[in-house]
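*Asks:* Contents of entry-v1.cif (mmCIF, C-alpha atoms and all ligand atoms) are given next:
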data_entry
#
loop_
_atom_site.label_atom_id
_atom_site.label_comp_id
_atom_site.auth_asym_id
_atom_site.auth_seq_id
_atom_site.Cartn_x
_atom_site.Cartn_y
_atom_site.Cartn_z
CA MET M 1 -53.04 -1.02 16.87
CA GLN M 2 -52.60 -2.65 13.50
CA ASP M 3 -49.67 -5.03 13.20
CA THR M 4 -48.12 -2.88 10.43
CA LYS M 5 -48.30 0.19 12.72
CA LEU M 6 -46.87 -1.84 15.59
CA PHE M 7 -43.81 -2.81 13.54
CA GLU M 8 -43.40 0.71 12.15
CA THR M 9 -43.21 1.93 15.73
CA ILE M 10 -40.79 -0.68 17.05
CA LEU M 11 -38.57 -0.52 13.97
CA GLY M 12 -38.65 3.28 13.95
CA ILE M 13 -39.83 3.32 10.33
CA ALA M 14 -40.93 6.84 9.35
CA THR M 15 -42.11 8.69 6.25
CA PRO M 16 -41.59 8.18 3.37
CA TRP M 17 -41.26 4.55 4.45
CA ARG M 18 -44.04 2.47 5.95
CA ILE M 19 -44.69 -1.20 6.65
CA SER M 20 -47.18 -2.41 4.08
CA ARG M 21 -47.49 -6.06 5.03
CA VAL M 22 -46.70 -8.45 7.89
CA ALA M 23 -46.60 -12.24 7.43
CA LEU M 24 -46.34 -14.60 10.37
CA ASP M 25 -45.07 -18.12 9.76
CA THR M 26 -45.80 -20.08 12.94
CA THR M 27 -44.23 -23.35 11.78
CA GLY M 28 -41.05 -21.67 10.56
CA GLU M 29 -41.14 -19.34 13.57
CA ARG M 30 -40.50 -16.25 11.50
CA VAL M 31 -42.01 -12.85 10.84
CA ASP M 32 -41.62 -11.23 7.44
CA LEU M 33 -42.20 -7.52 6.99
CA TRP M 34 -42.41 -5.54 3.77
CA ALA M 35 -41.49 -1.86 3.66
CA GLU M 36 -42.77 0.44 0.95
CA HIS M 37 -42.28 4.11 0.32
CA ALA M 38 -44.42 7.02 -0.84
CA ASP M 39 -43.58 8.91 -4.00
CA THR M 40 -40.80 11.28 -3.10
CA ARG M 41 -37.40 12.65 -4.06
CA TRP M 42 -34.20 11.04 -2.72
CA PRO M 43 -30.73 12.33 -1.99
CA CYS M 44 -27.87 10.82 -4.00
CA PRO M 45 -25.93 8.68 -1.47
CA GLU M 46 -22.65 10.27 -2.60
CA CYS M 47 -23.37 14.00 -2.98
CA GLN M 48 -26.80 14.34 -1.28
CA GLN M 49 -28.24 16.08 -4.37
CA ASP M 50 -32.04 15.79 -4.36
CA LEU M 51 -33.20 13.62 -7.24
CA GLY M 52 -36.36 11.99 -8.54
CA GLY M 53 -36.66 8.19 -8.27
CA HIS M 54 -35.11 6.47 -11.27
CA ASP M 55 -36.16 2.83 -10.71
CA HIS M 56 -35.91 0.13 -8.03
CA ALA M 57 -33.30 -2.49 -7.26
CA ASP M 58 -34.44 -6.08 -6.76
CA GLU M 59 -36.02 -6.89 -3.44
CA ARG M 60 -33.55 -7.21 -0.59
CA VAL M 61 -33.94 -8.80 2.82
CA TRP M 62 -32.45 -7.63 6.13
CA ARG M 63 -32.42 -9.67 9.27
CA HIS M 64 -33.77 -7.65 12.21
CA LEU M 65 -33.88 -8.33 15.97
CA ASP M 66 -36.12 -11.28 16.76
CA THR M 67 -39.77 -10.60 17.54
CA CYS M 68 -40.01 -12.66 20.73
CA GLN M 69 -38.73 -16.08 19.64
CA TYR M 70 -39.49 -15.42 15.95
CA GLN M 71 -36.70 -14.50 13.58
CA THR M 72 -37.69 -11.29 11.84
CA PHE M 73 -36.91 -10.22 8.30
CA LEU M 74 -37.52 -6.91 6.62
CA HIS M 75 -38.03 -6.85 2.84
CA ALA M 76 -37.87 -3.84 0.54
CA ARG M 77 -37.07 -2.78 -2.98
CA VAL M 78 -34.62 0.06 -2.63
CA PRO M 79 -35.17 3.02 -4.97
CA ARG M 80 -32.34 4.11 -7.23
CA VAL M 81 -31.51 7.62 -8.38
CA ASP M 82 -29.68 8.63 -11.53
CA CYS M 83 -27.22 11.28 -10.36
CA PRO M 84 -25.63 13.41 -13.10
CA THR M 85 -22.29 13.07 -11.30
CA HIS M 86 -22.41 9.58 -9.75
CA GLY M 87 -24.68 7.65 -12.11
CA VAL M 88 -27.33 5.18 -11.02
CA ARG M 89 -27.12 4.57 -7.25
CA GLN M 90 -29.25 2.89 -4.59
CA VAL M 91 -30.44 5.40 -1.99
CA ARG M 92 -29.67 4.87 1.69
CA VAL M 93 -32.34 3.17 3.75
CA PRO M 94 -32.75 4.39 7.32
CA TRP M 95 -32.64 0.92 8.92
CA ALA M 96 -29.35 -0.46 7.60
CA GLU M 97 -25.88 0.46 6.43
CA PRO M 98 -25.13 -0.04 2.73
CA ARG M 99 -24.31 -3.66 1.83
CA SER M 100 -25.26 -5.03 5.26
CA ARG M 101 -27.65 -7.96 5.48
CA PHE M 102 -28.67 -6.90 8.96
CA THR M 103 -30.56 -3.89 10.26
CA VAL M 104 -28.52 -1.46 12.34
CA LEU M 105 -30.07 -2.72 15.58
CA MET M 106 -29.35 -6.37 14.72
CA GLU M 107 -25.79 -5.54 13.76
CA ARG M 108 -25.30 -3.76 17.10
CA LEU M 109 -26.61 -6.80 18.94
CA ILE M 110 -24.22 -9.12 17.08
CA ILE M 111 -21.30 -6.81 17.89
CA ASP M 112 -22.26 -6.84 21.58
CA LEU M 113 -22.63 -10.61 21.61
CA ILE M 114 -19.23 -11.20 19.99
CA ARG M 115 -17.69 -8.83 22.53
CA GLN M 116 -19.29 -10.52 25.51
CA CYS M 117 -19.31 -14.17 24.50
CA SER M 118 -16.24 -16.24 25.11
CA THR M 119 -16.35 -17.47 21.51
CA VAL M 120 -17.57 -16.20 18.13
CA LYS M 121 -19.35 -19.53 17.81
CA GLY M 122 -21.23 -18.84 21.03
CA ALA M 123 -22.38 -15.46 19.71
CA CYS M 124 -23.48 -17.17 16.48
CA ALA M 125 -25.57 -19.67 18.43
CA ILE M 126 -27.36 -17.01 20.48
CA ALA M 127 -27.99 -14.65 17.56
CA ARG M 128 -28.73 -17.56 15.20
CA VAL M 129 -26.37 -16.25 12.53
CA THR M 130 -23.67 -18.15 10.64
CA TRP M 131 -19.96 -17.96 11.34
CA ASP M 132 -19.41 -16.12 8.05
CA GLU M 133 -22.13 -13.61 8.89
CA ALA M 134 -20.54 -12.96 12.27
CA TRP M 135 -17.14 -12.40 10.65
CA GLY M 136 -18.77 -10.09 8.11
CA VAL M 137 -20.19 -8.01 10.95
CA MET M 138 -16.82 -7.99 12.72
CA SER M 139 -14.82 -6.91 9.72
CA ARG M 140 -17.32 -4.21 8.77
CA ALA M 141 -17.26 -2.99 12.38
CA VAL M 142 -13.45 -2.81 12.33
CA THR M 143 -13.38 -0.95 9.00
CA ARG M 144 -15.97 1.50 10.32
CA GLY M 145 -14.09 1.98 13.59
CA ARG M 146 -10.76 2.56 11.89
CA VAL M 147 -12.23 5.12 9.48
CA ARG M 148 -13.75 7.01 12.42
CA LYS M 149 -10.61 6.85 14.53
CA GLN M 150 -9.03 10.24 15.24
CA ALA M 151 -5.28 10.59 14.82
CA ARG M 152 -4.38 11.35 18.43
CA PRO M 153 -0.86 11.93 19.73
CA MET M 154 0.73 8.92 21.44
CA PRO M 155 3.81 9.75 23.52
CA TYR M 156 4.65 6.10 24.15
CA ILE M 157 4.11 3.04 22.01
CA GLY M 158 5.21 -0.58 22.26
CA VAL M 159 6.01 -2.88 19.35
CA ASP M 160 5.73 -6.62 19.77
CA GLU M 161 5.46 -9.71 17.64
CA LYS M 162 2.75 -12.34 17.99
CA ALA M 163 2.59 -15.76 16.36
CA PHE M 164 -0.64 -16.22 14.46
CA ARG M 165 -0.37 -19.97 14.81
CA LYS M 166 2.37 -22.09 16.31
CA GLY M 167 5.17 -22.30 13.76
CA HIS M 168 3.43 -19.77 11.52
CA ARG M 169 4.27 -16.26 10.52
CA TYR M 170 4.40 -13.50 13.06
CA HIS M 171 2.15 -10.49 13.30
CA THR M 172 3.56 -7.12 14.32
CA VAL M 173 1.37 -5.45 16.92
CA VAL M 174 1.79 -1.77 17.84
CA CYS M 175 0.19 -0.58 21.09
CA ASP M 176 -0.51 2.80 22.56
CA LEU M 177 1.05 2.20 25.99
CA GLU M 178 -1.01 4.88 27.75
CA ARG M 179 -4.41 3.89 26.44
CA ALA M 180 -3.55 0.18 26.26
CA THR M 181 -5.06 -0.15 22.81
CA VAL M 182 -3.77 -1.88 19.70
CA GLU M 183 -3.11 0.85 17.15
CA PHE M 184 -1.77 -1.18 14.28
CA VAL M 185 -1.38 -4.78 13.14
CA ALA M 186 0.77 -6.01 10.24
CA GLU M 187 0.96 -9.57 9.01
CA ASP M 188 4.72 -9.98 9.27
CA ARG M 189 7.66 -8.74 11.34
CA LYS M 190 9.90 -7.16 8.72
CA ILE M 191 11.18 -3.58 8.44
CA GLU M 192 8.20 -2.85 6.21
CA SER M 193 5.72 -4.23 8.78
CA LEU M 194 6.58 -1.50 11.27
CA GLY M 195 7.66 1.06 8.63
CA THR M 196 4.10 1.14 7.27
CA PHE M 197 2.85 2.16 10.70
CA TYR M 198 5.32 5.06 10.95
CA ASP M 199 4.49 6.18 7.40
CA GLN M 200 0.81 6.66 8.16
CA LEU M 201 1.34 8.79 11.26
CA THR M 202 0.46 12.46 10.94
CA PRO M 203 3.28 15.01 11.37
CA ALA M 204 1.81 15.94 14.76
CA GLN M 205 1.81 12.29 15.88
CA ARG M 206 5.41 11.85 14.77
CA GLU M 207 6.35 14.96 16.71
CA ALA M 208 4.57 13.76 19.87
CA LEU M 209 6.08 10.27 19.86
CA GLN M 210 8.76 10.12 22.56
CA GLY M 211 9.49 6.46 23.16
CA VAL M 212 9.08 3.14 21.37
CA ALA M 213 9.44 0.08 23.62
CA MET M 214 10.67 -2.99 21.75
CA ASP M 215 12.76 -6.15 21.84
CA MET M 216 16.19 -6.15 20.23
CA TRP M 217 14.72 -7.28 16.94
CA GLU M 218 16.79 -5.89 14.09
CA PRO M 219 13.97 -5.14 11.59
CA TYR M 220 12.10 -3.10 14.24
CA ILE M 221 15.29 -1.24 15.12
CA GLN M 222 15.93 -0.50 11.43
CA ALA M 223 12.35 0.58 10.78
CA THR M 224 12.44 2.99 13.73
CA ARG M 225 15.84 4.38 12.70
CA THR M 226 14.97 4.94 9.07
CA ARG M 227 11.23 5.70 9.00
CA LEU M 228 10.82 7.90 12.06
CA PRO M 229 12.66 11.24 12.28
CA ASP M 230 15.30 10.96 15.06
CA GLY M 231 13.97 7.43 15.47
CA ASP M 232 17.17 6.14 17.00
CA GLN M 233 16.70 8.58 19.90
CA ARG M 234 13.29 7.10 20.73
CA ILE M 235 14.10 3.43 21.01
CA VAL M 236 13.70 1.99 24.52
CA PHE M 237 14.65 -1.67 24.73
CA ASP M 238 12.20 -3.57 26.84
CA ARG M 239 13.61 -4.50 30.24
CA PHE M 240 11.48 -7.63 30.52
CA HIS M 241 12.88 -8.89 27.25
CA ILE M 242 16.44 -8.26 28.48
CA MET M 243 15.76 -10.03 31.78
CA ARG M 244 14.22 -12.98 29.88
CA GLU M 245 17.41 -13.29 27.82
CA MET M 246 19.44 -13.15 31.03
CA THR M 247 17.27 -15.81 32.68
CA LYS M 248 17.70 -18.03 29.61
CA ALA M 249 21.47 -17.63 29.94
CA VAL M 250 21.32 -18.76 33.59
CA ASP M 251 19.30 -21.78 32.51
CA THR M 252 21.84 -22.66 29.82
CA VAL M 253 24.66 -22.46 32.39
CA ARG M 254 22.67 -24.74 34.72
CA LYS M 255 22.02 -27.30 31.97
CA GLN M 256 25.67 -27.45 30.95
CA GLU M 257 26.86 -27.76 34.53
CA HIS M 258 24.21 -30.36 35.36
CA ARG M 259 25.24 -32.49 32.37
CA GLY M 260 28.87 -32.18 33.43
CA PHE M 261 28.05 -33.50 36.92
CA LEU M 262 26.05 -36.43 35.52
CA ARG M 263 28.81 -37.32 33.10
CA ASP M 264 31.60 -37.21 35.72
CA ASP M 265 29.86 -38.40 38.89
CA GLY M 266 26.67 -40.04 37.66
CA GLU M 267 24.66 -37.69 39.89
CA SER M 268 24.15 -33.95 40.17
CA PRO M 269 23.34 -31.52 42.99
CA LEU M 270 21.41 -29.57 40.36
CA THR M 271 18.78 -32.25 39.82
CA LYS M 272 15.30 -30.72 40.06
CA THR M 273 16.60 -27.19 40.63
CA LYS M 274 15.63 -25.71 37.26
CA TYR M 275 12.82 -23.51 38.61
CA LEU M 276 14.78 -22.26 41.61
CA TRP M 277 17.10 -20.34 39.32
CA LEU M 278 14.28 -18.73 37.39
CA PHE M 279 12.98 -16.86 40.44
CA SER M 280 14.22 -13.45 41.34
CA GLU M 281 15.63 -12.97 44.82
CA GLU M 282 12.45 -11.41 46.26
CA ARG M 283 10.12 -13.79 44.52
CA LEU M 284 11.62 -17.10 45.66
CA PRO M 285 8.84 -18.92 47.57
CA GLU M 286 9.55 -19.40 51.27
CA ARG M 287 9.27 -23.20 51.05
CA HIS M 288 12.22 -23.33 48.60
CA ALA M 289 14.44 -20.99 50.60
CA ASP M 290 16.44 -23.72 52.39
CA THR M 291 17.01 -25.83 49.28
CA PHE M 292 18.07 -22.78 47.35
CA ALA M 293 20.47 -21.64 50.07
CA ALA M 294 21.97 -25.15 50.13
CA VAL M 295 22.70 -25.27 46.38
CA GLN M 296 23.94 -21.70 46.43
CA ALA M 297 26.43 -22.66 49.14
CA LEU M 298 28.05 -25.11 46.71
CA GLU M 299 29.40 -22.10 44.81
CA LEU M 300 28.51 -23.48 41.42
CA LYS M 301 28.72 -21.74 38.09
CA VAL M 302 24.96 -21.43 37.94
CA GLY M 303 25.04 -19.63 41.29
CA ARG M 304 27.40 -17.05 39.84
CA ALA M 305 25.29 -16.67 36.72
CA TRP M 306 22.22 -16.18 38.87
CA ALA M 307 23.92 -13.51 40.99
CA ILE M 308 24.94 -11.62 37.84
CA LYS M 309 21.37 -11.84 36.53
CA GLU M 310 19.95 -10.53 39.82
CA GLY M 311 22.58 -7.78 39.85
CA LEU M 312 21.38 -6.56 36.48
CA ARG M 313 17.92 -5.74 37.84
CA THR M 314 19.38 -2.72 39.64
CA LEU M 315 19.96 -1.12 36.22
CA TRP M 316 16.32 -0.08 36.00
CA THR M 317 16.28 1.66 39.37
CA PHE M 318 18.59 4.55 38.42
CA ARG M 319 17.27 8.04 37.65
CA GLN M 320 20.56 9.67 36.58
CA ASP M 321 22.34 8.95 33.32
CA ALA M 322 25.87 9.23 34.74
CA ALA M 323 25.05 6.93 37.65
CA VAL M 324 23.44 4.25 35.49
CA ARG M 325 26.44 4.29 33.12
CA ARG M 326 28.84 3.83 36.04
CA PHE M 327 26.71 0.97 37.31
CA PHE M 328 26.59 -0.72 33.92
CA LYS M 329 30.34 -0.48 33.48
CA ARG M 330 30.87 -2.33 36.76
CA TRP M 331 28.22 -4.92 35.98
CA TYR M 332 29.58 -5.49 32.47
CA GLY M 333 33.07 -6.08 33.86
CA TRP M 334 31.66 -8.58 36.36
CA ALA M 335 29.75 -10.44 33.63
CA MET M 336 32.73 -10.51 31.26
CA ARG M 337 35.08 -11.87 33.94
CA SER M 338 32.59 -14.63 34.81
CA ARG M 339 34.00 -17.10 32.26
CA LEU M 340 30.39 -18.10 31.57
CA ASP M 341 29.81 -17.90 27.83
CA PRO M 342 26.00 -17.65 27.82
CA VAL M 343 26.18 -14.78 30.35
CA LYS M 344 28.93 -13.01 28.39
CA LYS M 345 26.86 -13.31 25.22
CA VAL M 346 23.89 -11.49 26.76
CA ALA M 347 26.20 -8.90 28.37
CA ARG M 348 27.69 -8.15 24.93
CA MET M 349 24.23 -7.89 23.43
CA ILE M 350 23.27 -5.29 26.06
CA GLN M 351 26.55 -3.44 25.53
CA ARG M 352 25.91 -3.24 21.76
CA HIS M 353 22.45 -1.76 22.37
CA LEU M 354 23.37 0.24 25.46
CA ASP M 355 21.93 3.63 24.46
CA GLY M 356 18.52 2.10 23.80
CA VAL M 357 18.68 0.14 27.06
CA LEU M 358 19.60 3.21 29.13
CA ARG M 359 16.96 5.36 27.46
CA TYR M 360 14.74 3.82 30.11
CA VAL M 361 16.10 6.49 32.47
CA PRO M 362 14.43 9.47 30.71
CA HIS M 363 11.58 7.32 29.30
CA PRO M 364 10.68 4.60 31.81
CA ILE M 365 8.46 2.51 29.54
CA THR M 366 8.26 -1.22 28.99
CA ASN M 367 6.21 -3.51 26.84
CA GLY M 368 4.44 -4.58 30.05
CA VAL M 369 1.15 -3.15 28.81
CA ALA M 370 1.69 -4.65 25.39
CA GLU M 371 2.40 -7.98 27.06
CA GLY M 372 -0.93 -7.70 28.86
CA LEU M 373 -2.63 -6.99 25.56
CA ASN M 374 -0.74 -9.89 24.07
CA SER M 375 -2.19 -12.28 26.61
CA LYS M 376 -5.58 -10.88 25.63
CA ILE M 377 -4.67 -11.57 22.00
CA MET M 378 -3.69 -15.14 22.92
CA SER M 379 -7.06 -15.66 24.54
CA ILE M 380 -8.80 -14.17 21.48
CA LYS M 381 -6.95 -16.76 19.44
CA ARG M 382 -8.05 -19.61 21.67
CA LYS M 383 -11.63 -18.36 21.81
CA ALA M 384 -11.99 -17.98 18.07
CA GLY M 385 -11.28 -21.69 17.76
CA GLY M 386 -8.57 -21.19 15.16
CA PHE M 387 -8.58 -18.62 12.42
CA ARG M 388 -9.05 -19.60 8.80
CA ASN M 389 -6.50 -17.03 7.77
CA ALA M 390 -4.20 -14.35 9.06
CA GLN M 391 -6.67 -11.63 8.06
CA HIS M 392 -9.24 -12.99 10.52
CA PHE M 393 -6.66 -12.82 13.30
CA THR M 394 -5.92 -9.18 12.45
CA THR M 395 -9.64 -8.36 12.40
CA ALA M 396 -10.19 -9.98 15.81
CA ILE M 397 -7.27 -8.08 17.37
CA TYR M 398 -8.66 -4.75 16.17
CA PHE M 399 -12.19 -5.73 17.15
CA HIS M 400 -11.35 -6.66 20.74
CA CYS M 401 -8.27 -4.52 21.49
CA GLY M 402 -8.46 -1.53 19.14
CA GLY M 403 -10.57 0.68 21.41
CA LEU M 404 -12.66 1.43 18.31
CA ASP M 405 -16.19 2.79 17.94
CA LEU M 406 -17.61 -0.26 16.19
CA TYR M 407 -21.34 0.42 15.98
CA PRO M 408 -23.25 1.22 12.80
CA ARG M 409 -25.41 4.32 12.85
ZN ZN A 1 -24.38 12.26 -6.66
#
If you took the structure in this file and wrote it as C-alpha cells, what would it be?
*Replies:*
Amino acid sequence: MQDTKLFETILGIATPWRISRVALDTTGERVDLWAEHADTRWPCPECQQDLGGHDHADERVWRHLDTCQYQTFLHARVPRVDCPTHGVRQVRVPWAEPRSRFTVLMERLIIDLIRQCSTVKGACAIARVTWDEAWGVMSRAVTRGRVRKQARPMPYIGVDEKAFRKGHRYHTVVCDLERATVEFVAEDRKIESLGTFYDQLTPAQREALQGVAMDMWEPYIQATRTRLPDGDQRIVFDRFHIMREMTKAVDTVRKQEHRGFLRDDGESPLTKTKYLWLFSEERLPERHADTFAAVQALELKVGRAWAIKEGLRTLWTFRQDAAVRRFFKRWYGWAMRSRLDPVKKVARMIQRHLDGVLRYVPHPITNGVAEGLNSKIMSIKRKAGGFRNAQHFTTAIYFHCGGLDLYPR
C-alpha cells in the first residue's frame, strides 16, 4: 500500500478528496500530508446549493491525531464557491469543523483528555497542544453543545451563587435538580442574572417548572417573582441554607457567652467547645458525648440556642400544611422568648419568608444536588489552576457539568 493510500484510509478521506503527498520529518518527528481534490461542484455551506468552484483560499493546516509518536498535520487549499445568495464562501471539508485548527478526530481526543485529566494543563501536555488551543476546543465544544441542547421540561431547579475567585464577583448557577446538570451560568448575582435564565425558557418549560430551590437572597427572590409567571408560588427556600444560618446563630451566642466568662472569671467552661455545638444531635461523635453532656448540664445560653436549632430540624419532617404551621408557631414562640438576639434574628427571617420555607411540604426539594455540583465546580476551579477571566470559569462549568453533547461531527 502506498503511503498516500494508507493515510487516505486511516483519515477516512474519500472522493473528491485524496492525499497527494506525504512528507516525513524524522528530526522534527512530524508527518505532513497534503490533500487535493478532483474537479467537481460544491454545495454552498449555507444553503447547500450546488455550485462550480470559484477559487481557493490560502493553504490551511489542521492538526490530526499523531501517527505513532509523530505529530501529524494535514494541509489543503479549501475551494470557495460564489453563491448568488451568500457570496464567496469556503466549502466544508469532511475532516474538520469550520474555523477549527484540528481535525474532528483530534478535537474529540482533546475533549476526552480535558474531561479525564485532573487539569487542563495535563491534557495539554499529553495532546501536545497549547493552553489557548485547549481553551479554544473547550469553548467551541460548549457553544456546539448548547446549540444542540433540547429545551426539556425541568420540574425542579436550584439556584446558587458561586465565587469565581475569593473576594471576586459571584456567578449565578442554575441546576436541573433531577438531572444534576448545570443549565445556566451568569456572571453576577443580580435580578438580571437569574431573570435572563427565566426569559429564555420556552412556554412549555415555564409551565412545567414547579419548584425553585434557593437561599433567601433578595435578587433571586425578586427575579423569580417578577420574571416567572406565578413565580412566588414556586419558591422553596433551601433547608440547608436555613440550618446554616441557625448554626451560625448558635455560634454567635457561644462566642458572646464565652467572652463574657473570660471577662468576668478569667476562664470559661466553653473553651474548646466550638465544634460540639455545630453537630446535630444524631451526628455528635461518641467520643465527645460525655464532654457535651457536661457542658449542656451547665444550662448555658448556648445550650438553649442549640436546643432551639435542633428543634427546628423537625420542620422538614411534616407532610401536612396545617401540622407544619402549628409546629412553626410553637417553635417561633420558643425562639422569640429565648432572649437570644442572634436566634431571634434568624427566627424572624424565617417568619418573613415562611410561605417559601413551608413550600417544602408540597415540593420537598433542596439545593443539595446543586451543592454537590458546586463542590464539583470548586474542584474544576482548583484544577484549572486559576482562570484568566470569568468567561473561562463559565466555559469550564458548562463543559464539565452541563451534560452537553460536546463532540464535533
Ligand atoms: Zn448559499
*Asks:* Please provide as a PDB file with C-alpha atoms, in the coordinates of the input all residues within 12 Å of M:Tyr332, with the sequence filter that same-chain residues fewer than 4 positions apart are discarded (counting only C-alpha atoms).
*Replies:*
ATOM      1  CA  ILE M 308      24.940 -11.620  37.840  1.00  0.00           C
ATOM      2  CA  LYS M 309      21.370 -11.840  36.530  1.00  0.00           C
ATOM      3  CA  GLY M 311      22.580  -7.780  39.850  1.00  0.00           C
ATOM      4  CA  LEU M 312      21.380  -6.560  36.480  1.00  0.00           C
ATOM      5  CA  LEU M 315      19.960  -1.120  36.220  1.00  0.00           C
ATOM      6  CA  VAL M 324      23.440   4.250  35.490  1.00  0.00           C
ATOM      7  CA  ARG M 325      26.440   4.290  33.120  1.00  0.00           C
ATOM      8  CA  ARG M 326      28.840   3.830  36.040  1.00  0.00           C
ATOM      9  CA  PHE M 327      26.710   0.970  37.310  1.00  0.00           C
ATOM     10  CA  PHE M 328      26.590  -0.720  33.920  1.00  0.00           C
ATOM     11  CA  MET M 336      32.730 -10.510  31.260  1.00  0.00           C
ATOM     12  CA  ARG M 337      35.080 -11.870  33.940  1.00  0.00           C
ATOM     13  CA  SER M 338      32.590 -14.630  34.810  1.00  0.00           C
ATOM     14  CA  VAL M 343      26.180 -14.780  30.350  1.00  0.00           C
ATOM     15  CA  LYS M 344      28.930 -13.010  28.390  1.00  0.00           C
ATOM     16  CA  LYS M 345      26.860 -13.310  25.220  1.00  0.00           C
ATOM     17  CA  VAL M 346      23.890 -11.490  26.760  1.00  0.00           C
ATOM     18  CA  ALA M 347      26.200  -8.900  28.370  1.00  0.00           C
ATOM     19  CA  ARG M 348      27.690  -8.150  24.930  1.00  0.00           C
ATOM     20  CA  MET M 349      24.230  -7.890  23.430  1.00  0.00           C
ATOM     21  CA  ILE M 350      23.270  -5.290  26.060  1.00  0.00           C
ATOM     22  CA  GLN M 351      26.550  -3.440  25.530  1.00  0.00           C
ATOM     23  CA  ARG M 352      25.910  -3.240  21.760  1.00  0.00           C
ATOM     24  CA  LEU M 354      23.370   0.240  25.460  1.00  0.00           C
TER      25      LEU M 354
END
*Asks:* Hey, which of M:Glu299, M:Glu133, M:Asp82, M:Asp321 ends up closest to ligand ZN 1 (chain A)? Count all atoms listed in the file.
*Replies:*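 The answer is M:Asp82, which sits nearest to ligand ZN 1 (chain A).
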*Asks:* To one decimal place in Å, what is the distance between atom CA of M:Thr119 and atom CA of M:His400?
*Replies:*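 Going from atom CA of M:Thr119 over to atom CA of M:His400 covers 11.9 Å.
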*Asks:* I want to know what sits within 9 Å of stretch 25-28 of chain M, based on all atoms listed in the file, with residues of the same chain fewer than 2 positions away left out; could you give that as a PyMOL selection string?
*Replies:* chain M and resi 23+30-32+70-71
*Asks:* Go through M:Arg225, M:Arg99, M:His241, M:Arg80 one by one, measure the shortest atom-to-atom distance of each to ligand ZN 1 (chain A) using all atoms listed in the file, and give the residue with the smallest value.
*Replies:* M:Arg80
*Asks:* Pick the closest to M:Ser100 from M:His363, M:Arg21, M:His64, M:Arg287: which is it, counting all atoms listed in the file?
*Replies:*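 Smallest distance to M:Ser100 is found for M:His64.
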*Asks:* Take atom CA of M:Ile191 and atom CA of M:Val142 and report the distance between them in Å, one decimal.
*Replies:*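 If I compute the distance from atom CA of M:Ile191 to atom CA of M:Val142, I get 24.9 Å.
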*Asks:* Hey, which residues sit close to ligand ZN 1 (chain A)? Say within 10 Å, counting all atoms listed in the file, and write them as a list in words.
*Replies:*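 Result of the 10 Å neighbour search around ligand ZN 1 (chain A): Pro43, Cys44, Pro45, Glu46, Cys47, Gln48, Gln49, Asp50, Leu51, Val81, Asp82, Cys83, Pro84, Thr85, His86, Gly87, Val88 and Arg89 of chain M.
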*Asks:* I need the residue nearest M:Arg206 from this list: M:Arg239, M:Arg152, M:His37, M:Lys162. Use all atoms listed in the file for the distance.
*Replies:*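 Selected residue with least distance to M:Arg206: M:Arg152.
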*Asks:* Counting all atoms listed in the file, I want the residues whose atoms come within 9 Å of (-46.8, -13.7, 19.4) in the file frame, returned as a list in words.
*Replies:*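 Selection result: Thr67, Cys68, Gln69 and Tyr70 of chain M.
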*Asks:* Using all atoms listed in the file, tabulate the residues of stretch 74-188 of chain M lying at most 9 Å from any atom of stretch 212-222 of chain M, each with its closest atom pair and that distance in Å to one decimal, by chain and increasing residue number, as a tab-separated table.
*Replies:*
residue	atom	partner	partner_atom	distance
M:Pro155	CA	M:Val212	CA	8.7
M:Tyr156	CA	M:Val212	CA	6.0
M:Ile157	CA	M:Val212	CA	5.0
M:Gly158	CA	M:Ala213	CA	4.5
M:Val159	CA	M:Met214	CA	5.2
M:Asp160	CA	M:Met214	CA	6.4
M:Leu177	CA	M:Ala213	CA	9.0
*Asks:* So that I have them on file, write out the residues from the current selection with C-alpha atoms, as a PDB file, keeping the file's coordinate frame.
*Replies:*
ATOM      1  CA  PRO M 155       3.810   9.750  23.520  1.00  0.00           C
ATOM      2  CA  TYR M 156       4.650   6.100  24.150  1.00  0.00           C
ATOM      3  CA  ILE M 157       4.110   3.040  22.010  1.00  0.00           C
ATOM      4  CA  GLY M 158       5.210  -0.580  22.260  1.00  0.00           C
ATOM      5  CA  VAL M 159       6.010  -2.880  19.350  1.00  0.00           C
ATOM      6  CA  ASP M 160       5.730  -6.620  19.770  1.00  0.00           C
ATOM      7  CA  LEU M 177       1.050   2.200  25.990  1.00  0.00           C
TER       8      LEU M 177
END
*Asks:* Please provide as a count of residues only all residues within 9 Å of M:Ala96, with the sequence filter that same-chain residues fewer than 6 positions apart are discarded (counting only C-alpha atoms).
*Replies:* 8
*Asks:* Looking at M:Pro203, M:Pro342, M:Gly211, M:Gly195, which one is nearest to M:Val250, with distances taken over only C-alpha atoms?
*Replies:* M:Pro342
*Asks:* Calculated over all atoms listed in the file, which of the candidates M:Phe393, M:Phe197, M:Tyr407, M:Phe399 has the smallest distance to M:Tyr170?
*Replies:* M:Phe393
